[in-house]
$ cat target.cif   # mmCIF, C-alpha atoms
data_entry
#
loop_
_atom_site.label_atom_id
_atom_site.label_comp_id
_atom_site.auth_asym_id
_atom_site.auth_seq_id
_atom_site.Cartn_x
_atom_site.Cartn_y
_atom_site.Cartn_z
CA MET A 1 26.22 -26.48 15.26
CA SER A 2 27.52 -29.74 16.78
CA ARG A 3 28.78 -30.85 13.37
CA ILE A 4 30.66 -27.57 12.89
CA TYR A 5 32.13 -27.86 16.40
CA HIS A 6 33.45 -31.35 15.71
CA GLN A 7 34.91 -30.18 12.38
CA ILE A 8 36.70 -27.29 14.12
CA MET A 9 38.11 -29.59 16.80
CA ALA A 10 39.27 -32.13 14.21
CA LYS A 11 41.04 -29.48 12.17
CA ALA A 12 42.58 -28.00 15.34
CA ALA A 13 43.87 -31.46 16.35
CA ILE A 14 45.40 -31.95 12.91
CA ALA A 15 47.02 -28.53 13.10
CA ALA A 16 48.37 -29.29 16.60
CA GLY A 17 49.72 -32.65 15.43
CA LEU A 18 51.46 -31.01 12.47
CA SER A 19 52.91 -28.39 14.83
CA VAL A 20 54.36 -31.15 17.00
CA VAL A 21 55.93 -32.82 13.96
CA VAL A 22 57.40 -29.57 12.69
CA THR A 23 58.71 -28.62 16.17
CA LEU A 24 60.38 -32.01 16.63
CA ALA A 25 61.88 -31.79 13.16
CA ILE A 26 63.32 -28.35 13.91
CA ALA A 27 64.61 -29.47 17.31
CA GLU A 28 66.28 -32.60 15.87
CA THR A 29 67.86 -30.56 13.10
CA ALA A 30 69.22 -28.00 15.59
CA ALA A 31 70.50 -30.76 17.88
CA TYR A 32 72.25 -32.42 14.94
CA PHE A 33 74.11 -29.27 13.99
CA PHE A 34 74.96 -28.28 17.55
CA GLY A 35 75.89 -31.77 18.64
CA GLY A 36 73.29 -33.04 21.02
CA SER A 37 69.97 -34.83 21.17
CA VAL A 38 66.35 -34.07 21.94
CA GLU A 39 65.37 -35.97 25.05
CA GLY A 40 63.96 -35.61 28.53
CA THR A 41 62.50 -32.18 29.29
CA GLY A 42 63.35 -30.88 25.84
CA LEU A 43 61.43 -33.66 24.17
CA ILE A 44 58.44 -33.08 26.44
CA LEU A 45 58.50 -29.38 25.70
CA CYS A 46 58.75 -30.03 21.95
CA ILE A 47 55.59 -32.09 22.19
CA LEU A 48 53.66 -30.23 24.88
CA CYS A 49 54.20 -26.64 23.75
CA PRO A 50 52.75 -27.12 20.22
CA LEU A 51 49.80 -28.99 21.70
CA VAL A 52 49.13 -26.29 24.30
CA ILE A 53 49.69 -23.36 21.96
CA ALA A 54 48.85 -24.54 18.44
CA GLY A 55 45.77 -26.56 19.42
CA PRO A 56 43.74 -23.77 21.10
CA ALA A 57 45.07 -21.13 18.69
CA SER A 58 44.09 -23.22 15.68
CA ALA A 59 40.69 -23.99 17.19
CA TRP A 60 40.09 -20.27 17.77
CA GLN A 61 41.21 -19.41 14.24
CA PHE A 62 39.00 -22.09 12.67
CA PHE A 63 36.09 -20.96 14.85
CA GLN A 64 36.50 -17.36 13.68
CA GLN A 65 36.72 -18.51 10.06
CA SER A 66 33.54 -20.50 10.54
CA ARG A 67 31.77 -17.47 12.00
CA LEU A 68 33.02 -15.30 9.14
CA ALA A 69 31.81 -17.84 6.56
CA ALA A 70 28.42 -18.02 8.29
CA ALA A 71 28.22 -14.22 8.35
CA ARG A 72 29.02 -14.09 4.61
CA ASP A 73 26.32 -16.69 3.94
CA GLU A 74 23.82 -14.67 5.97
CA LEU A 75 24.84 -11.51 4.12
CA ARG A 76 24.40 -13.21 0.73
CA ALA A 77 21.01 -14.57 1.83
CA ALA A 78 19.98 -11.13 3.10
CA LYS A 79 21.12 -9.54 -0.15
CA ALA A 80 19.16 -12.08 -2.20
CA GLU A 81 16.08 -11.52 -0.04
CA LEU A 82 16.50 -7.75 -0.39
CA GLU A 83 16.74 -8.08 -4.16
CA ARG A 84 13.60 -10.23 -4.21
CA ALA A 85 11.80 -7.70 -2.01
CA HIS A 86 12.97 -4.85 -4.24
CA ALA A 87 11.76 -6.65 -7.36
CA ALA A 88 8.41 -7.36 -5.68
CA LEU A 89 8.17 -3.71 -4.63
CA GLN A 90 8.90 -2.58 -8.18
CA ARG A 91 6.19 -4.90 -9.52
CA ALA A 92 3.75 -3.66 -6.90
CA TYR A 93 4.62 -0.04 -7.72
CA GLY A 94 4.16 -0.75 -11.43
CA ASP A 95 0.79 -2.39 -10.75
CA LEU A 96 -0.35 0.52 -8.59
CA ASN A 97 0.87 3.03 -11.15
CA GLU A 98 -0.97 1.18 -13.92
CA ARG A 99 -4.13 0.98 -11.82
CA ALA A 100 -3.88 4.71 -11.13
CA ARG A 101 -3.90 5.29 -14.90
CA ARG A 102 -6.93 3.07 -15.50
CA ASP A 103 -10.65 3.71 -15.23
CA GLY A 104 -12.12 1.43 -12.59
CA LEU A 105 -15.35 0.74 -14.50
CA THR A 106 -14.15 0.11 -18.04
CA GLY A 107 -10.48 -0.80 -17.56
CA ILE A 108 -9.32 1.68 -20.21
CA LEU A 109 -7.16 4.74 -19.51
CA ASN A 110 -8.66 7.38 -17.24
CA ARG A 111 -8.41 11.07 -18.07
CA GLU A 112 -5.00 11.58 -16.46
CA GLY A 113 -3.59 8.42 -18.03
CA PHE A 114 -4.94 9.32 -21.45
CA VAL A 115 -3.60 12.87 -21.39
CA GLU A 116 -0.17 11.65 -20.26
CA ALA A 117 -0.05 9.04 -23.03
CA LEU A 118 -1.34 11.54 -25.59
CA LEU A 119 1.35 14.09 -24.73
CA GLN A 120 4.01 11.42 -25.15
CA ALA A 121 2.53 10.31 -28.49
CA LEU A 122 2.38 13.88 -29.83
CA GLU A 123 6.10 14.31 -29.19
CA SER A 124 6.89 11.90 -32.01
CA GLN A 125 3.92 11.84 -34.39
CA HIS A 126 0.85 13.77 -35.47
CA GLY A 127 -2.55 12.16 -35.54
CA THR A 128 -6.26 12.73 -35.06
CA LEU A 129 -7.89 13.21 -31.69
CA PHE A 130 -11.49 12.04 -31.40
CA ILE A 131 -13.84 12.88 -28.56
CA LEU A 132 -16.86 10.61 -28.20
CA ASP A 133 -19.97 11.16 -26.12
CA ALA A 134 -22.71 8.60 -25.44
CA ASP A 135 -26.02 9.96 -26.72
CA GLU A 136 -28.93 10.38 -24.31
CA PHE A 137 -27.02 8.55 -21.61
CA LYS A 138 -28.94 10.24 -18.78
CA LEU A 139 -32.14 8.65 -20.09
CA ILE A 140 -30.56 5.19 -19.73
CA ASN A 141 -29.67 5.87 -16.10
CA ASP A 142 -33.08 7.39 -15.34
CA ARG A 143 -35.09 4.66 -17.05
CA TYR A 144 -33.08 1.52 -16.30
CA GLY A 145 -30.92 2.48 -13.32
CA HIS A 146 -27.25 3.10 -12.80
CA PRO A 147 -26.18 -0.58 -12.95
CA THR A 148 -27.53 -0.72 -16.52
CA GLY A 149 -25.85 2.61 -17.20
CA ASP A 150 -22.54 1.17 -15.98
CA GLU A 151 -23.01 -1.87 -18.21
CA ALA A 152 -23.76 0.43 -21.14
CA LEU A 153 -20.45 2.22 -20.60
CA ARG A 154 -18.61 -1.11 -20.47
CA VAL A 155 -20.30 -2.27 -23.68
CA LEU A 156 -19.58 1.04 -25.40
CA SER A 157 -15.92 1.05 -24.39
CA GLY A 158 -15.54 -2.57 -25.47
CA ALA A 159 -17.04 -1.83 -28.87
CA VAL A 160 -14.80 1.18 -29.45
CA ALA A 161 -11.69 -0.66 -28.23
CA ALA A 162 -12.38 -3.49 -30.67
CA SER A 163 -12.70 -1.06 -33.58
CA ILE A 164 -9.34 0.72 -33.19
CA ASP A 165 -5.89 -0.69 -33.87
CA GLU A 166 -3.15 -1.32 -31.32
CA ALA A 167 -1.44 2.00 -32.03
CA GLY A 168 -4.52 3.95 -30.91
CA LEU A 169 -4.96 5.43 -27.45
CA PHE A 170 -8.33 5.08 -25.76
CA GLY A 171 -9.53 6.59 -22.51
CA ARG A 172 -12.59 7.56 -20.52
CA ILE A 173 -12.25 11.26 -19.85
CA GLY A 174 -15.31 11.75 -17.71
CA GLY A 175 -18.81 10.38 -17.21
CA GLU A 176 -20.04 9.12 -20.57
CA GLU A 177 -17.31 10.92 -22.53
CA PHE A 178 -14.38 9.12 -24.14
CA ALA A 179 -11.33 10.08 -26.20
CA VAL A 180 -9.36 8.25 -28.88
CA PHE A 181 -6.09 9.29 -30.47
CA MET A 182 -5.13 7.63 -33.75
CA PRO A 183 -1.55 8.44 -34.80
CA GLY A 184 -0.63 8.95 -38.42
CA ILE A 185 -4.14 9.41 -39.86
CA ARG A 186 -6.08 12.41 -41.13
CA GLY A 187 -8.77 13.32 -43.66
CA ARG A 188 -10.53 10.36 -45.24
CA ALA A 189 -8.66 7.83 -43.08
CA ALA A 190 -9.74 9.71 -39.93
CA PHE A 191 -13.33 9.75 -41.14
CA GLU A 192 -13.26 6.00 -41.78
CA ALA A 193 -11.80 5.35 -38.32
CA ALA A 194 -14.49 7.47 -36.67
CA GLU A 195 -17.20 5.75 -38.69
CA ARG A 196 -15.94 2.33 -37.57
CA MET A 197 -16.22 3.46 -33.96
CA ARG A 198 -19.71 4.89 -34.47
CA LEU A 199 -21.00 1.74 -36.17
CA ALA A 200 -19.33 -0.53 -33.61
CA VAL A 201 -21.31 1.18 -30.87
CA ARG A 202 -24.54 1.10 -32.92
CA THR A 203 -24.24 -2.68 -33.33
CA SER A 204 -23.53 -3.42 -29.66
CA PRO A 205 -26.83 -3.51 -27.76
CA VAL A 206 -27.06 -3.62 -23.98
CA ALA A 207 -29.22 -6.25 -22.27
CA VAL A 208 -31.63 -4.98 -19.58
CA ARG A 209 -33.37 -6.82 -16.76
CA SER A 210 -36.64 -7.12 -18.63
CA GLY A 211 -34.99 -9.45 -21.12
CA THR A 212 -34.91 -6.85 -23.85
CA SER A 213 -32.00 -4.78 -25.06
CA ILE A 214 -31.32 -1.13 -25.73
CA SER A 215 -29.30 0.40 -28.53
CA LEU A 216 -26.44 2.78 -27.97
CA SER A 217 -25.07 5.55 -30.11
CA VAL A 218 -22.26 8.07 -29.88
CA SER A 219 -21.53 11.48 -31.31
CA ILE A 220 -17.93 12.02 -32.35
CA GLY A 221 -15.84 15.12 -32.91
CA GLY A 222 -12.29 15.02 -34.23
CA ALA A 223 -9.33 17.24 -35.12
CA HIS A 224 -5.84 16.65 -36.50
CA SER A 225 -2.93 17.68 -34.28
CA SER A 226 -0.82 19.28 -37.03
CA ASN A 227 -3.30 22.18 -37.24
CA PHE A 228 -2.83 23.31 -33.65
CA ALA A 229 -0.01 24.71 -31.56
CA ASP A 230 -0.67 22.71 -28.39
CA LEU A 231 -2.85 20.08 -26.84
CA GLU A 232 -5.29 22.60 -25.38
CA ALA A 233 -6.09 24.04 -28.81
CA LEU A 234 -6.36 20.54 -30.33
CA TRP A 235 -8.70 19.44 -27.55
CA GLN A 236 -10.90 22.52 -27.94
CA ALA A 237 -11.17 21.92 -31.67
CA ALA A 238 -12.20 18.27 -31.24
CA ASP A 239 -14.62 19.27 -28.50
CA ALA A 240 -16.17 21.95 -30.74
CA CYS A 241 -16.71 19.33 -33.43
CA LEU A 242 -18.35 17.05 -30.86
CA TYR A 243 -20.80 19.78 -29.92
CA ALA A 244 -21.49 20.35 -33.60
CA ALA A 245 -22.28 16.65 -34.00
CA LYS A 246 -24.59 16.79 -30.98
CA ALA A 247 -26.34 19.86 -32.29
CA ASP A 248 -26.76 18.23 -35.70
CA GLY A 249 -28.90 15.44 -34.26
CA ARG A 250 -26.56 13.04 -32.41
CA ASP A 251 -25.25 9.71 -33.68
CA ARG A 252 -23.09 11.75 -36.01
CA LEU A 253 -19.44 12.57 -36.53
CA VAL A 254 -17.85 15.89 -37.38
CA LEU A 255 -14.15 16.30 -38.14
CA ASN A 256 -12.28 19.58 -38.13
CA GLY A 257 -10.95 20.78 -41.51
CA ASP A 258 -7.29 20.17 -42.36
CA GLY A 259 -6.61 23.59 -43.90
CA PRO A 260 -4.99 26.16 -41.58
CA SER A 261 -7.26 28.92 -42.84
CA GLU A 262 -10.48 27.03 -42.08
CA GLU A 263 -12.54 28.19 -39.17
CA LEU A 264 -12.27 26.16 -35.94
CA GLY A 265 -14.90 23.46 -35.99
CA SER A 266 -15.56 23.81 -39.70
CA PRO A 267 -16.33 20.21 -40.66
CA LEU A 268 -14.23 18.41 -43.21
CA LEU A 269 -16.65 15.47 -43.11
CA SER A 270 -19.98 15.00 -41.42
CA ILE A 271 -22.22 11.98 -41.38
CA GLY A 272 -25.20 10.70 -39.46
#
$ encode --input "target.cif" --output "structure tokens"
Amino acid sequence: MSRIYHQIMAKAAIAAGLSVVVTLAIAETAAYFFGGSVEGTGLILCILCPLVIAGPASAWQFFQQSRLAAARDELRAAKAELERAHAALQRAYGDLNERARRDGLTGILNREGFVEALLQALESQHGTLFILDADEFKLINDRYGHPTGDEALRVLSGAVAASIDEAGLFGRIGGEEFAVFMPGIRGRAAFEAAERMRLAVRTSPVAVRSGTSISLSVSIGGAHSSNFADLEALWQAADACLYAAKADGRDRLVLNGDGPSEELGSPLLSIG
């Protein structure tokens, strides 16, 4: 602040000095034309008046300019800070929104996140919806405890995630039930995708506290979206195929037929 004050006073002194010079120049010019000279009281006034008037006025003007410049700097700093805060808020909102879409145990999409992503995907492309259910999962919880059951779900989800491509959607839709949507595939390609998921789970054992491991398996039902008018009908068809796979002995996959005249749940392909 002291530095700014000295700068203001220096500029005001310069302005006052220039005012004196200009005033004397004007007075001498007027005296020349009117036939006289600047001396005595007139000379004093030509020097004193600019100093008394221009000095304080200039100092006040420079002070106000300094305050205005400082206010602009503060405003720019506040704007920059506001922009940083807004960007941080947007990142935090994005993180919270992403967390809200994710399953806390497995890290994949939760039911709401999966359904939202599936609806968006179906707007642009057909594909096959698979519903997967861990076989005999209650026995794992009852025999080895819920921590082992949680680890089994993490292992299962990791195995499935590794077996599908980046275009696929994967979510945990409840308990030990999962869903996968693979755009652009049907028929034999859908069967092969489901079989990769089934085998990936079969070859991913879960370690237990006793030092041994347990094997996992899933039953899978699937249906192609082009055969159904809306998501509810598609979901029911895939779910019906899942129940058919369960009823057929578990560790199996059943896919809904592609023909529009085929009965809901009528398997195109079944394997165990």
$ residues_near_point --input "target.cif" --point "(-3.3, -0.4, -32.3)" --cutoff "12 Å" --atoms "all atoms listed in the file" --output "mmCIF file with C-alpha atoms, in the frame of the given file"
data_model
loop_
_atom_site.group_PDB
_atom_site.id
_atom_site.type_symbol
_atom_site.label_atom_id
_atom_site.label_comp_id
_atom_site.auth_asym_id
_atom_site.auth_seq_id
_atom_site.Cartn_x
_atom_site.Cartn_y
_atom_site.Cartn_z
ATOM 1 C CA VAL A 160 -14.800 1.180 -29.450
ATOM 2 C CA ALA A 161 -11.690 -0.660 -28.230
ATOM 3 C CA ALA A 162 -12.380 -3.490 -30.670
ATOM 4 C CA SER A 163 -12.700 -1.060 -33.580
ATOM 5 C CA ILE A 164 -9.340 0.720 -33.190
ATOM 6 C CA ASP A 165 -5.890 -0.690 -33.870
ATOM 7 C CA GLU A 166 -3.150 -1.320 -31.320
ATOM 8 C CA ALA A 167 -1.440 2.000 -32.030
ATOM 9 C CA GLY A 168 -4.520 3.950 -30.910
ATOM 10 C CA LEU A 169 -4.960 5.430 -27.450
ATOM 11 C CA PHE A 170 -8.330 5.080 -25.760
ATOM 12 C CA VAL A 180 -9.360 8.250 -28.880
ATOM 13 C CA PHE A 181 -6.090 9.290 -30.470
ATOM 14 C CA MET A 182 -5.130 7.630 -33.750
ATOM 15 C CA PRO A 183 -1.550 8.440 -34.800
ATOM 16 C CA GLY A 184 -0.630 8.950 -38.420
ATOM 17 C CA ALA A 193 -11.800 5.350 -38.320
#
$ resolve_selection --input "target.cif" --expression "the PyMOL selection byres ((chain A and resi 189-191) around 12)" --output "ChimeraX atom specification"
/A:127-130,164,168,180-188,192-198,220-225,252-258,267-271
$ atom_distance --input "target.cif" --atom1 "CA of Ala152 in chain A" --atom2 "CA of Leu109 in chain A"
17.2 Å
$ resolve_selection --input "target.cif" --expression "the PyMOL selection byres ((chain A and resi 250) around 12)" --output "list in words"
Leu132, Asp133, Ala134, Asp135, Glu136, Phe137, Arg198, Leu216, Ser217, Val218, Ser219, Ile220, Gly221, Cys241, Leu242, Tyr243, Ala244, Ala245, Lys246, Ala247, Asp248, Gly249, Asp251, Arg252, Leu253, Val254, Ser270, Ile271 and Gly272 of chain A
$ closest_residue --input "target.cif" --among "A:Glu112, A:Glu74, A:Thr148, A:Leu18" --to "Asn97 in chain A" --atoms "all atoms listed in the file"
A:Glu112
$ closest_residue --input "target.cif" --among "A:Leu153, A:Leu122, A:Ala207, A:Leu139" --to "Leu234 in chain A" --atoms "only C-alpha atoms"
A:Leu122
$ residues_near_point --input "target.cif" --point "(-2.2, 15.7, -21.6)" --cutoff "10 Å" --atoms "all atoms listed in the file" --output "PyMOL selection string"
chain A and resi 111-122+230-232+235
$ resolve_selection --input "target.cif" --expression "the PyMOL selection byres ((chain A and resi 204) around 9)" --output "short mmCIF file (atom, residue, chain, number, x, y, z; two decimals) with C-alpha atoms, in the coordinates of the input"
data_model
loop_
_atom_site.label_atom_id
_atom_site.label_comp_id
_atom_site.auth_asym_id
_atom_site.auth_seq_id
_atom_site.Cartn_x
_atom_site.Cartn_y
_atom_site.Cartn_z
CA VAL A 155 -20.30 -2.27 -23.68
CA LEU A 156 -19.58 1.04 -25.40
CA ALA A 159 -17.04 -1.83 -28.87
CA LEU A 199 -21.00 1.74 -36.17
CA ALA A 200 -19.33 -0.53 -33.61
CA VAL A 201 -21.31 1.18 -30.87
CA ARG A 202 -24.54 1.10 -32.92
CA THR A 203 -24.24 -2.68 -33.33
CA PRO A 205 -26.83 -3.51 -27.76
CA VAL A 206 -27.06 -3.62 -23.98
CA SER A 215 -29.30 0.40 -28.53
CA LEU A 216 -26.44 2.78 -27.97
#
$ atom_distance --input "target.cif" --atom1 "CA of Phe228 in chain A" --atom2 "CA of His126 in chain A"
10.4 Å
$ atom_distance --input "target.cif" --atom1 "CA of Thr29 in chain A" --atom2 "CA of Ile14 in chain A"
22.5 Å
$ axis_aligned_box --input "target.cif" --around "range 220-234 of chain A" --padding-each-side "4 Å" --output "lines of an AutoDock Vina configuration file"
center_x = -9.0
center_y = 18.4
center_z = -31.3
size_x = 25.9
size_y = 20.7
size_z = 19.9
$ closest_residue --input "target.cif" --among "A:Glu81, A:Asp142, A:Glu123, A:Glu151" --to "Leu105 in chain A" --atoms "only C-alpha atoms"
A:Glu151
$ closest_residue --input "target.cif" --among "A:Ala80, A:Val208, A:Ala13, A:Ile131" --to "Asp150 in chain A" --atoms "only C-alpha atoms"
A:Val208
$ closest_residue --input "target.cif" --among "A:Asn227, A:Gly174, A:Ser213, A:Ala100" --to "Ile140 in chain A" --atoms "all atoms listed in the file"
A:Ser213
